[in-house]
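Dropping target.txt in here (compact mmCIF, C-alpha atoms):
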```
# COMPACT_ATOMS: atom_id res chain seq x y z
CA MET N 1 -10.39 9.47 19.48
CA GLN N 2 -10.14 12.78 17.64
CA LEU N 3 -12.16 14.64 15.07
CA ALA N 4 -10.42 15.23 11.73
CA ARG N 5 -10.96 16.07 8.10
CA VAL N 6 -9.58 13.86 5.36
CA ILE N 7 -7.34 16.10 3.26
CA GLY N 8 -5.58 13.63 1.00
CA ASP N 9 -4.36 10.14 0.41
CA VAL N 10 -1.01 8.38 0.45
CA VAL N 11 0.11 5.72 -2.02
CA MET N 12 3.03 3.39 -1.37
CA THR N 13 4.26 0.59 -3.59
CA ARG N 14 7.08 -0.75 -1.47
CA LYS N 15 5.79 -1.35 2.04
CA ASP N 16 5.43 -3.74 4.95
CA GLU N 17 3.53 -6.81 3.75
CA ASN N 18 0.90 -6.28 6.43
CA LEU N 19 0.01 -2.95 4.83
CA HIS N 20 -1.01 -4.51 1.51
CA GLY N 21 -4.58 -3.64 0.58
CA ILE N 22 -4.93 -1.04 3.32
CA LYS N 23 -5.96 2.50 2.38
CA LEU N 24 -3.86 5.32 3.81
CA LEU N 25 -5.36 8.78 4.19
CA LEU N 26 -3.93 12.11 5.26
CA VAL N 27 -6.05 13.62 8.04
CA GLN N 28 -6.05 17.05 9.66
CA PRO N 29 -7.23 17.00 13.29
CA LEU N 30 -10.00 19.52 14.02
CA THR N 31 -11.22 21.59 16.92
CA PRO N 32 -14.92 21.44 17.84
CA ASP N 33 -15.24 24.62 15.72
CA HIS N 34 -14.06 22.75 12.62
CA GLN N 35 -10.70 24.56 12.64
CA PRO N 36 -7.38 22.76 12.06
CA ALA N 37 -5.65 21.69 15.29
CA GLY N 38 -2.02 20.65 15.12
CA ARG N 39 -0.26 18.84 12.33
CA PRO N 40 -1.77 16.50 9.76
CA LEU N 41 -0.98 12.81 10.04
CA VAL N 42 -1.46 9.60 8.09
CA ALA N 43 -4.18 7.20 9.22
CA VAL N 44 -5.40 3.87 7.86
CA ASP N 45 -9.03 3.65 6.80
CA SER N 46 -11.44 0.84 7.63
CA VAL N 47 -14.78 2.57 7.04
CA GLY N 48 -14.57 3.83 3.46
CA ALA N 49 -13.78 7.47 4.19
CA GLY N 50 -12.92 9.88 1.38
CA VAL N 51 -11.24 13.22 0.87
CA GLY N 52 -13.24 16.13 2.29
CA GLU N 53 -15.15 14.06 4.85
CA GLU N 54 -15.13 14.68 8.57
CA VAL N 55 -14.16 11.56 10.47
CA PHE N 56 -12.93 10.36 13.82
CA PHE N 57 -9.78 8.34 14.28
CA VAL N 58 -8.24 6.26 17.03
CA ARG N 59 -4.59 6.42 18.06
CA GLY N 60 -2.32 3.61 19.16
CA LYS N 61 -2.28 -0.15 18.69
CA GLU N 62 -6.08 -0.13 18.58
CA ALA N 63 -5.85 1.38 15.09
CA SER N 64 -4.90 -2.09 13.82
CA PHE N 65 -7.91 -3.89 15.38
CA PRO N 66 -10.28 -3.46 12.41
CA PHE N 67 -7.84 -5.52 10.32
CA TYR N 68 -7.71 -8.48 12.71
CA PRO N 69 -6.28 -11.13 12.38
CA ALA N 70 -3.79 -9.09 10.34
CA GLU N 71 -1.64 -6.82 12.48
CA PRO N 72 -0.56 -3.92 10.30
CA PRO N 73 2.14 -1.69 11.81
CA VAL N 74 0.01 1.44 12.25
CA ASP N 75 -0.67 3.96 15.01
CA ALA N 76 -3.70 5.87 13.74
CA GLY N 77 -6.89 4.62 12.11
CA ILE N 78 -10.15 6.16 10.92
CA VAL N 79 -13.00 4.28 12.61
CA GLY N 80 -16.02 6.44 11.78
CA ILE N 81 -17.40 9.03 9.39
CA VAL N 82 -19.08 11.87 11.28
CA ASP N 83 -22.58 12.94 10.25
CA HIS N 84 -22.50 15.94 12.61
CA TRP N 85 -21.67 16.95 16.12
CA ASP N 86 -23.59 19.17 18.49
CA LEU N 87 -22.06 21.38 21.14
CA GLY N 88 -24.05 21.73 24.34
CA MET U 1 -6.86 9.32 33.55
CA GLN U 2 -7.93 12.86 32.90
CA ILE U 3 -10.58 15.18 34.19
CA CYS U 4 -12.67 16.52 31.33
CA ARG U 5 -15.92 18.32 30.69
CA VAL U 6 -18.46 16.91 28.25
CA ILE U 7 -19.00 19.63 25.62
CA GLY U 8 -20.99 17.86 22.94
CA THR U 9 -22.28 14.74 21.27
CA VAL U 10 -21.19 13.19 17.99
CA VAL U 11 -23.40 11.41 15.49
CA SER U 12 -21.86 8.89 13.10
CA THR U 13 -23.79 6.44 10.94
CA GLN U 14 -20.92 4.82 9.07
CA LYS U 15 -18.51 3.50 11.67
CA HIS U 16 -16.69 0.40 12.81
CA ARG U 17 -19.19 -2.24 14.01
CA LYS U 18 -17.77 -2.25 17.53
CA PHE U 19 -19.16 1.28 17.94
CA GLU U 20 -22.75 0.18 17.24
CA GLY U 21 -24.96 1.48 20.03
CA ALA U 22 -22.11 3.32 21.75
CA LYS U 23 -22.56 6.93 22.79
CA LEU U 24 -19.80 9.20 21.44
CA MET U 25 -19.11 12.31 23.45
CA LEU U 26 -16.88 15.28 22.73
CA VAL U 27 -14.87 16.00 25.87
CA GLN U 28 -12.56 18.90 26.72
CA PRO U 29 -9.61 18.16 29.04
CA LEU U 30 -9.42 20.57 31.98
CA ASN U 31 -6.71 22.15 34.06
CA MET U 32 -6.95 22.02 37.84
CA ASP U 33 -8.74 25.41 37.74
CA ASP U 34 -11.30 24.01 35.27
CA SER U 35 -9.92 26.03 32.35
CA PRO U 36 -9.68 24.12 29.06
CA ARG U 37 -6.36 22.48 28.19
CA GLY U 38 -5.48 21.31 24.71
CA ASN U 39 -7.83 20.13 22.02
CA ALA U 40 -11.12 18.37 22.63
CA LEU U 41 -11.28 14.63 21.98
CA LEU U 42 -13.86 11.93 21.48
CA ALA U 43 -14.63 9.36 24.14
CA VAL U 44 -17.15 6.55 24.29
CA ASP U 45 -19.50 6.86 27.23
CA GLY U 46 -19.73 3.93 29.61
CA VAL U 47 -21.67 5.59 32.41
CA GLY U 48 -24.48 7.73 30.96
CA ALA U 49 -22.78 11.12 31.14
CA GLY U 50 -24.43 14.25 29.78
CA VAL U 51 -23.32 17.55 28.28
CA ASP U 52 -21.74 19.95 30.81
CA GLU U 53 -20.87 17.21 33.29
CA LYS U 54 -17.36 16.82 34.63
CA VAL U 55 -16.10 13.31 33.97
CA LEU U 56 -13.14 11.00 34.37
CA VAL U 57 -11.74 9.83 31.04
CA VAL U 58 -9.39 6.90 30.59
CA LEU U 59 -6.94 7.38 27.72
CA GLU U 60 -5.73 3.89 26.94
CA GLY U 61 -7.07 1.37 24.49
CA ARG U 62 -7.56 -1.76 26.53
CA ALA U 63 -9.19 0.07 29.42
CA ALA U 64 -11.45 2.00 27.05
CA GLY U 65 -12.54 -1.23 25.38
CA GLU U 66 -13.41 -2.71 28.75
CA ALA U 67 -15.42 0.37 29.67
CA LEU U 68 -17.33 -0.13 26.45
CA GLY U 69 -17.77 -3.80 27.34
CA ARG U 70 -16.25 -4.98 24.05
CA LYS U 71 -12.94 -6.68 23.56
CA ALA U 72 -10.64 -5.63 20.72
CA ALA U 73 -12.67 -2.50 19.98
CA PRO U 74 -10.71 0.21 18.14
CA VAL U 75 -11.15 2.81 20.88
CA ASP U 76 -8.60 4.82 22.85
CA ALA U 77 -10.73 6.92 25.22
CA ALA U 78 -13.75 6.24 27.41
CA ILE U 79 -15.71 8.06 30.10
CA VAL U 80 -15.55 5.86 33.19
CA GLY U 81 -17.14 8.11 35.82
CA ILE U 82 -19.03 11.31 36.53
CA ILE U 83 -17.11 13.44 39.01
CA ASP U 84 -18.91 14.76 42.06
CA THR U 85 -16.05 16.73 43.57
CA VAL U 86 -12.30 17.14 43.32
CA THR U 87 -10.49 18.31 46.42
CA ILE U 88 -6.94 19.63 46.15
CA ASP U 89 -5.21 19.51 49.51
CA ASP U 90 -2.48 22.18 49.65
```
For the structure just supplied, provide its representation as structure tokens.
Amino acid sequence: MQLARVIGDVVMTRKDENLHGIKLLLVQPLTPDHQPAGRPLVAVDSVGAGVGEEVFFVRGKEASFPFYPAEPPVDAGIVGIVDHWDLG
Amino acid sequence: MQICRVIGTVVSTQKHRKFEGAKLMLVQPLNMDDSPRGNALLAVDGVGAGVDEKVLVVLEGRAAGEALGRKAAPVDAAIVGIIDTVTIDD
């Protein structure tokens, strides 16, 4: 999983039927210092995240698991909203 | 699998139910000389690792779910061992 900040959302009208009803958010991966790391990407949301929140997301087929038994064609999914993290 | 160092802990209240009770650790992948490589990532902890420990991290969904002991969990990384030593024979 990776830390990220939600920086926007994506709306599509014409889409794969398995994507109906699924929220798409634009996320910017973060370093542990809260700085942007790499390029933003689109992730599905299953935890009610919103713009400006820090979240963590999973990559790969596992991103579709929260929508079981539906199998949306996705490769990144937000699976938690971060309260805070502590560096040792 | 990758050798990483645990650099922090993550607290999340609102998360997918399969993460309930799981420990979320921030881990930094390492080069062979222990210098950091790439960006830090989040892994669930299956072995009771602590900050500063060198660990073995599996980066694949099914294996990570098994390490967590939960099938079909939306995870892609898990700590599966605490490393005692790494010997490079050259």
Protein, DNA and RNA residues within 8 Å of (-6.5, 9.6, 0.2), all atoms listed in the file, as JSON, numbers by chain:
{"N": [6, 7, 8, 9, 10, 11, 23, 24, 25, 26, 50, 51]}
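Distance-wise, CA of Asp90 (chain U) and CA of Cys4 (chain U) end up 21.7 Å apart.
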Shell of 10 Å around region 60-63 of chain U, all atoms listed in the file, local chain residues under 5 positions omitted, as a CSV table (one decimal) with C-alpha atoms, in the coordinates of the input:
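Below is the file that was written, out_26.csv:
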```
chain,number,residue,atom,x,y,z
N,58,VAL,CA,-8.2,6.3,17.0
N,59,ARG,CA,-4.6,6.4,18.1
N,60,GLY,CA,-2.3,3.6,19.2
N,61,LYS,CA,-2.3,-0.2,18.7
N,62,GLU,CA,-6.1,-0.1,18.6
N,63,ALA,CA,-5.8,1.4,15.1
U,1,MET,CA,-6.9,9.3,33.6
U,68,LEU,CA,-17.3,-0.1,26.4
U,69,GLY,CA,-17.8,-3.8,27.3
U,70,ARG,CA,-16.2,-5.0,24.0
U,71,LYS,CA,-12.9,-6.7,23.6
U,72,ALA,CA,-10.6,-5.6,20.7
U,73,ALA,CA,-12.7,-2.5,20.0
U,74,PRO,CA,-10.7,0.2,18.1
U,75,VAL,CA,-11.2,2.8,20.9
U,76,ASP,CA,-8.6,4.8,22.8
U,77,ALA,CA,-10.7,6.9,25.2
U,78,ALA,CA,-13.8,6.2,27.4
U,80,VAL,CA,-15.6,5.9,33.2
```
At a cut-off of 7 Å, which residues of chain N touch chain U? Count all atoms listed in the file and give the answer as a VMD selection string.
chain N and resid 1 to 3 31 to 32 47 58 to 59 62 to 63 65 to 66 79 to 88
When you look at Leu30 (chain U) with a cut-off of 9 Å (counting all atoms listed in the file), what residues show up, excluding the ones that are within fewer than 2 positions of it in the same chain? I need them as an mmCIF file with C-alpha atoms, in the coordinates of the input.
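Okay, result-v1.cif is ready:
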```cif
data_model
loop_
_atom_site.group_PDB
_atom_site.id
_atom_site.type_symbol
_atom_site.label_atom_id
_atom_site.label_comp_id
_atom_site.auth_asym_id
_atom_site.auth_seq_id
_atom_site.Cartn_x
_atom_site.Cartn_y
_atom_site.Cartn_z
ATOM 1 C CA GLN U 2 -7.930 12.860 32.900
ATOM 2 C CA ILE U 3 -10.580 15.180 34.190
ATOM 3 C CA CYS U 4 -12.670 16.520 31.330
ATOM 4 C CA ARG U 5 -15.920 18.320 30.690
ATOM 5 C CA GLN U 28 -12.560 18.900 26.720
ATOM 6 C CA MET U 32 -6.950 22.020 37.840
ATOM 7 C CA ASP U 33 -8.740 25.410 37.740
ATOM 8 C CA ASP U 34 -11.300 24.010 35.270
ATOM 9 C CA SER U 35 -9.920 26.030 32.350
ATOM 10 C CA PRO U 36 -9.680 24.120 29.060
ATOM 11 C CA ARG U 37 -6.360 22.480 28.190
ATOM 12 C CA GLY U 38 -5.480 21.310 24.710
#
```
Quick one: pull the distance between CA of Gly46 (chain U) and CA of Asp89 (chain U), Å, one decimal.
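Going from CA of Gly46 (chain U) over to CA of Asp89 (chain U), I get 29.1 Å.
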Between CA of Val86 (chain U) and CA of Leu30 (chain N), what is the distance in Å, rounded to a tenth?
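CA of Leu30 (chain N) lies 29.5 Å from CA of Val86 (chain U).
Within 12 Å of Asp16 (chain N), once only C-alpha atoms are used and residues closer than 6 positions along the same chain are dropped, the contacting residues are Ile22, Ala70, Glu71, Pro72, Pro73 and Val74 of chain N.
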